[in-house]
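Chemist: Structure file run-v2.txt, compact mmCIF, C-alpha atoms, is pasted below:
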```txt
# COMPACT_ATOMS: atom_id res chain seq x y z
CA MET A 8 154.58 103.18 110.89
CA LYS A 9 152.04 105.46 109.26
CA VAL A 10 148.35 104.86 109.47
CA ALA A 11 146.34 105.79 106.45
CA ALA A 12 143.59 108.26 107.14
CA ARG A 13 140.19 106.80 106.68
CA ALA A 14 137.67 108.59 104.60
CA ARG A 15 134.89 109.63 106.91
CA SER A 16 131.48 108.94 105.60
CA ARG A 17 129.05 111.68 106.46
CA LYS A 18 125.40 111.09 107.01
CA PRO A 19 123.36 112.13 104.03
CA LYS A 20 121.65 115.46 104.70
CA LEU A 21 117.98 115.33 105.47
CA ASN A 22 115.66 116.33 102.65
CA LEU A 23 113.50 118.98 104.32
CA HIS A 24 111.34 119.22 101.19
CA SER A 25 109.76 115.86 101.93
CA GLN A 26 106.57 115.47 104.00
CA MET A 27 107.51 112.39 106.08
CA PHE A 28 110.18 112.27 108.76
CA THR A 29 111.22 109.60 111.22
CA LEU A 30 110.95 110.44 114.89
CA SER A 31 114.71 110.65 115.36
CA ASN A 32 115.08 113.04 112.40
CA ALA A 33 112.11 115.08 113.60
CA LYS A 34 113.73 115.51 117.01
CA THR A 35 116.92 116.75 115.39
CA TYR A 36 115.22 119.20 113.02
CA LEU A 37 112.16 120.11 115.11
CA GLY A 38 112.66 123.87 114.81
CA ARG A 39 112.79 123.70 111.03
CA LEU A 40 109.80 121.37 110.88
CA VAL A 41 107.76 123.73 113.08
CA GLU A 42 108.59 126.60 110.71
CA LYS A 43 107.52 124.41 107.80
CA ALA A 44 104.22 123.56 109.52
CA GLY A 45 103.76 127.26 110.31
CA ARG A 46 103.82 128.02 106.60
CA GLY A 47 100.85 125.67 106.17
CA GLU A 48 102.76 122.67 104.84
CA THR A 49 101.83 119.21 106.07
CA VAL A 50 104.52 117.45 108.12
CA TYR A 51 104.16 113.76 109.03
CA ILE A 52 106.25 112.18 111.78
CA VAL A 53 106.50 108.41 111.53
CA THR A 54 107.45 106.00 114.29
CA GLY A 55 106.92 102.32 113.58
CA GLN A 56 103.46 101.87 112.08
CA ARG A 57 102.09 105.08 113.62
CA ARG A 58 101.90 108.45 111.82
CA PHE A 59 101.43 111.84 113.43
CA VAL A 60 100.71 115.21 111.84
CA LEU A 61 102.55 118.37 112.91
CA GLN A 62 100.35 121.37 112.22
CA GLU A 63 99.67 124.86 113.51
CA VAL A 64 96.57 125.24 115.64
CA PRO A 65 94.60 128.51 115.50
CA GLU A 66 94.52 130.61 118.65
CA ILE A 67 91.61 129.92 120.99
CA GLU A 68 89.29 132.82 121.78
CA PRO A 69 89.37 133.56 125.52
CA ILE A 70 86.16 133.25 127.52
CA PRO A 71 85.05 136.75 128.51
CA MET A 72 84.94 137.63 132.21
CA ARG A 73 81.38 138.02 133.47
CA PRO A 74 80.48 140.16 136.44
CA ALA A 75 79.13 138.58 139.62
CA GLY A 76 75.41 137.90 139.34
CA TYR A 77 75.49 137.66 135.52
CA PHE A 78 73.25 134.55 135.56
CA ALA A 79 71.15 135.65 138.54
CA LYS A 80 68.01 136.20 136.45
CA ALA A 81 68.51 133.22 134.13
CA TYR A 82 66.28 130.89 136.19
CA SER A 83 63.23 131.48 138.35
CA ARG A 84 63.19 130.36 141.99
CA ALA A 85 60.69 127.58 141.12
CA GLU A 86 62.98 126.22 138.36
CA ILE A 87 65.96 126.17 140.70
CA GLU A 88 64.01 124.32 143.41
CA GLU A 89 62.70 121.78 140.87
CA ASP A 90 66.23 121.13 139.51
CA ASN A 91 67.60 120.70 143.04
CA ARG A 92 64.77 118.29 143.96
CA LEU A 93 65.35 116.17 140.84
CA ALA A 94 69.12 116.17 141.36
CA LYS A 95 68.72 115.03 144.97
CA ALA A 96 66.32 112.24 143.94
CA SER A 97 68.63 110.97 141.18
CA VAL A 98 71.57 110.17 143.49
CA ILE A 99 71.97 106.46 144.26
CA ARG A 100 72.56 106.04 147.97
CA ALA A 101 74.04 103.09 149.83
CA PRO A 102 71.49 100.92 151.73
CA LYS A 103 70.94 101.95 155.37
CA ASP A 104 72.12 98.56 156.70
CA LEU A 105 75.60 99.09 155.17
CA GLU A 106 76.22 102.38 156.98
```
Take the structure in the file and write it out as structure tokens.
Modeler:
Amino acid sequence: MKVAARARSRKPKLNLHSQMFTLSNAKTYLGRLVEKAGRGETVYIVTGQRRFVLQEVPEIEPIPMRPAGYFAKAYSRAEIEEDNRLAKASVIRAPKDLE
């Protein structure tokens, strides 16, 4: 007895020219979507009622290294003592009878 071959239905290909993608499609085609976002195109990823934007972020400028003592002359001794006194007075301490 011969069995007739069934016609396999293929999934329709994803339209990468669109701007919105479901989360499952985005996971499958993440590399291509990152390239698309890298070209400056807006890519939305939708899951349920929530939308997210995939976009390239500019590089952050590093904070320069400063030598030891760089801020040594920024404050006078009197200013430092005043700041320390105010900081010490602003701390809320537990009552003595609880210790």
Chemist: Tell me, as a VMD selection string, which residues lie within 12 Å of Ser25 (chain A), counting only C-alpha atoms; anything in the same chain fewer than 2 positions away does not count.
Modeler: chain A and resid 21 to 23 27 to 29 33 40 43 48 to 52
Chemist: Just give me the gap between CA of Val98 (chain A) and CA of Lys80 (chain A) in Å, one decimal is fine.
Modeler: 27.2 Å
Chemist: Centre and edge lengths, as JSON, for the axis-aligned box enclosing every listed atom of region 36-43 of chain A with 5 Å of padding on each of the six sides, in Å to one decimal?
Modeler:
```
{"center_x": 111.4, "center_y": 122.9, "center_z": 111.5, "size_x": 17.7, "size_y": 17.4, "size_z": 17.3}
```
Chemist: What is the CA of Ile87 (chain A)-CA of Ile70 (chain A) distance in Å, reported with one decimal?
Modeler: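 CA of Ile87 (chain A) sits 25.1 Å away from CA of Ile70 (chain A).
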Chemist: Under the rule that only C-alpha atoms are counted, which of A:Ala94, A:Arg57, A:Pro65, A:Gln26 is the nearest residue to Gly45 (chain A)?
Modeler: A:Pro65
Chemist: Quick one: region 37-54 of chain A with N, CA, C and O atoms, as a PDB file, in the coordinates of the input?
Modeler:
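Here's the written file out-v3.pdb:
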```
ATOM      1  N   LEU A  37     113.488 119.683 114.685  1.00  0.00           N
ATOM      2  CA  LEU A  37     112.160 120.110 115.110  1.00  0.00           C
ATOM      3  C   LEU A  37     111.892 121.588 114.823  1.00  0.00           C
ATOM      4  O   LEU A  37     110.816 121.953 114.352  1.00  0.00           O
ATOM      5  N   GLY A  38     112.856 122.439 115.068  1.00  0.00           N
ATOM      6  CA  GLY A  38     112.660 123.870 114.810  1.00  0.00           C
ATOM      7  C   GLY A  38     112.323 124.146 113.366  1.00  0.00           C
ATOM      8  O   GLY A  38     111.420 124.926 113.049  1.00  0.00           O
ATOM      9  N   ARG A  39     113.047 123.504 112.462  1.00  0.00           N
ATOM     10  CA  ARG A  39     112.790 123.700 111.030  1.00  0.00           C
ATOM     11  C   ARG A  39     111.444 123.128 110.621  1.00  0.00           C
ATOM     12  O   ARG A  39     110.742 123.695 109.775  1.00  0.00           O
ATOM     13  N   LEU A  40     111.080 121.989 111.217  1.00  0.00           N
ATOM     14  CA  LEU A  40     109.800 121.370 110.880  1.00  0.00           C
ATOM     15  C   LEU A  40     108.630 122.213 111.395  1.00  0.00           C
ATOM     16  O   LEU A  40     107.590 122.305 110.743  1.00  0.00           O
ATOM     17  N   VAL A  41     108.801 122.857 112.544  1.00  0.00           N
ATOM     18  CA  VAL A  41     107.760 123.730 113.080  1.00  0.00           C
ATOM     19  C   VAL A  41     107.579 124.941 112.154  1.00  0.00           C
ATOM     20  O   VAL A  41     106.454 125.361 111.876  1.00  0.00           O
ATOM     21  N   GLU A  42     108.690 125.486 111.663  1.00  0.00           N
ATOM     22  CA  GLU A  42     108.590 126.600 110.710  1.00  0.00           C
ATOM     23  C   GLU A  42     107.856 126.164 109.449  1.00  0.00           C
ATOM     24  O   GLU A  42     107.031 126.885 108.910  1.00  0.00           O
ATOM     25  N   LYS A  43     108.168 124.956 108.996  1.00  0.00           N
ATOM     26  CA  LYS A  43     107.520 124.410 107.800  1.00  0.00           C
ATOM     27  C   LYS A  43     106.017 124.255 108.034  1.00  0.00           C
ATOM     28  O   LYS A  43     105.209 124.626 107.183  1.00  0.00           O
ATOM     29  N   ALA A  44     105.639 123.723 109.190  1.00  0.00           N
ATOM     30  CA  ALA A  44     104.220 123.560 109.520  1.00  0.00           C
ATOM     31  C   ALA A  44     103.548 124.924 109.678  1.00  0.00           C
ATOM     32  O   ALA A  44     102.384 125.094 109.326  1.00  0.00           O
ATOM     33  N   GLY A  45     104.287 125.916 110.157  1.00  0.00           N
ATOM     34  CA  GLY A  45     103.760 127.260 110.310  1.00  0.00           C
ATOM     35  C   GLY A  45     103.435 127.923 108.986  1.00  0.00           C
ATOM     36  O   GLY A  45     102.592 128.819 108.916  1.00  0.00           O
ATOM     37  N   ARG A  46     104.110 127.490 107.940  1.00  0.00           N
ATOM     38  CA  ARG A  46     103.820 128.020 106.600  1.00  0.00           C
ATOM     39  C   ARG A  46     102.624 127.310 105.960  1.00  0.00           C
ATOM     40  O   ARG A  46     102.261 127.596 104.828  1.00  0.00           O
ATOM     41  N   GLY A  47     102.038 126.363 106.687  1.00  0.00           N
ATOM     42  CA  GLY A  47     100.850 125.670 106.170  1.00  0.00           C
ATOM     43  C   GLY A  47     101.159 124.351 105.478  1.00  0.00           C
ATOM     44  O   GLY A  47     100.244 123.708 104.962  1.00  0.00           O
ATOM     45  N   GLU A  48     102.411 123.935 105.468  1.00  0.00           N
ATOM     46  CA  GLU A  48     102.760 122.670 104.840  1.00  0.00           C
ATOM     47  C   GLU A  48     102.470 121.523 105.805  1.00  0.00           C
ATOM     48  O   GLU A  48     102.562 121.674 107.016  1.00  0.00           O
ATOM     49  N   THR A  49     102.119 120.370 105.259  1.00  0.00           N
ATOM     50  CA  THR A  49     101.830 119.210 106.070  1.00  0.00           C
ATOM     51  C   THR A  49     103.130 118.485 106.399  1.00  0.00           C
ATOM     52  O   THR A  49     103.942 118.228 105.519  1.00  0.00           O
ATOM     53  N   VAL A  50     103.318 118.165 107.678  1.00  0.00           N
ATOM     54  CA  VAL A  50     104.520 117.450 108.120  1.00  0.00           C
ATOM     55  C   VAL A  50     104.059 116.202 108.860  1.00  0.00           C
ATOM     56  O   VAL A  50     103.311 116.279 109.828  1.00  0.00           O
ATOM     57  N   TYR A  51     104.483 115.028 108.387  1.00  0.00           N
ATOM     58  CA  TYR A  51     104.160 113.760 109.030  1.00  0.00           C
ATOM     59  C   TYR A  51     105.394 113.279 109.776  1.00  0.00           C
ATOM     60  O   TYR A  51     106.496 113.304 109.249  1.00  0.00           O
ATOM     61  N   ILE A  52     105.175 112.796 111.002  1.00  0.00           N
ATOM     62  CA  ILE A  52     106.250 112.180 111.780  1.00  0.00           C
ATOM     63  C   ILE A  52     105.872 110.722 111.953  1.00  0.00           C
ATOM     64  O   ILE A  52     104.781 110.406 112.427  1.00  0.00           O
ATOM     65  N   VAL A  53     106.775 109.835 111.552  1.00  0.00           N
ATOM     66  CA  VAL A  53     106.500 108.410 111.530  1.00  0.00           C
ATOM     67  C   VAL A  53     107.351 107.704 112.570  1.00  0.00           C
ATOM     68  O   VAL A  53     108.554 107.938 112.667  1.00  0.00           O
ATOM     69  N   THR A  54     106.726 106.865 113.370  1.00  0.00           N
ATOM     70  CA  THR A  54     107.450 106.000 114.290  1.00  0.00           C
ATOM     71  C   THR A  54     106.781 104.629 114.243  1.00  0.00           C
ATOM     72  O   THR A  54     105.618 104.490 114.595  1.00  0.00           O
TER      73      THR A  54
END
```
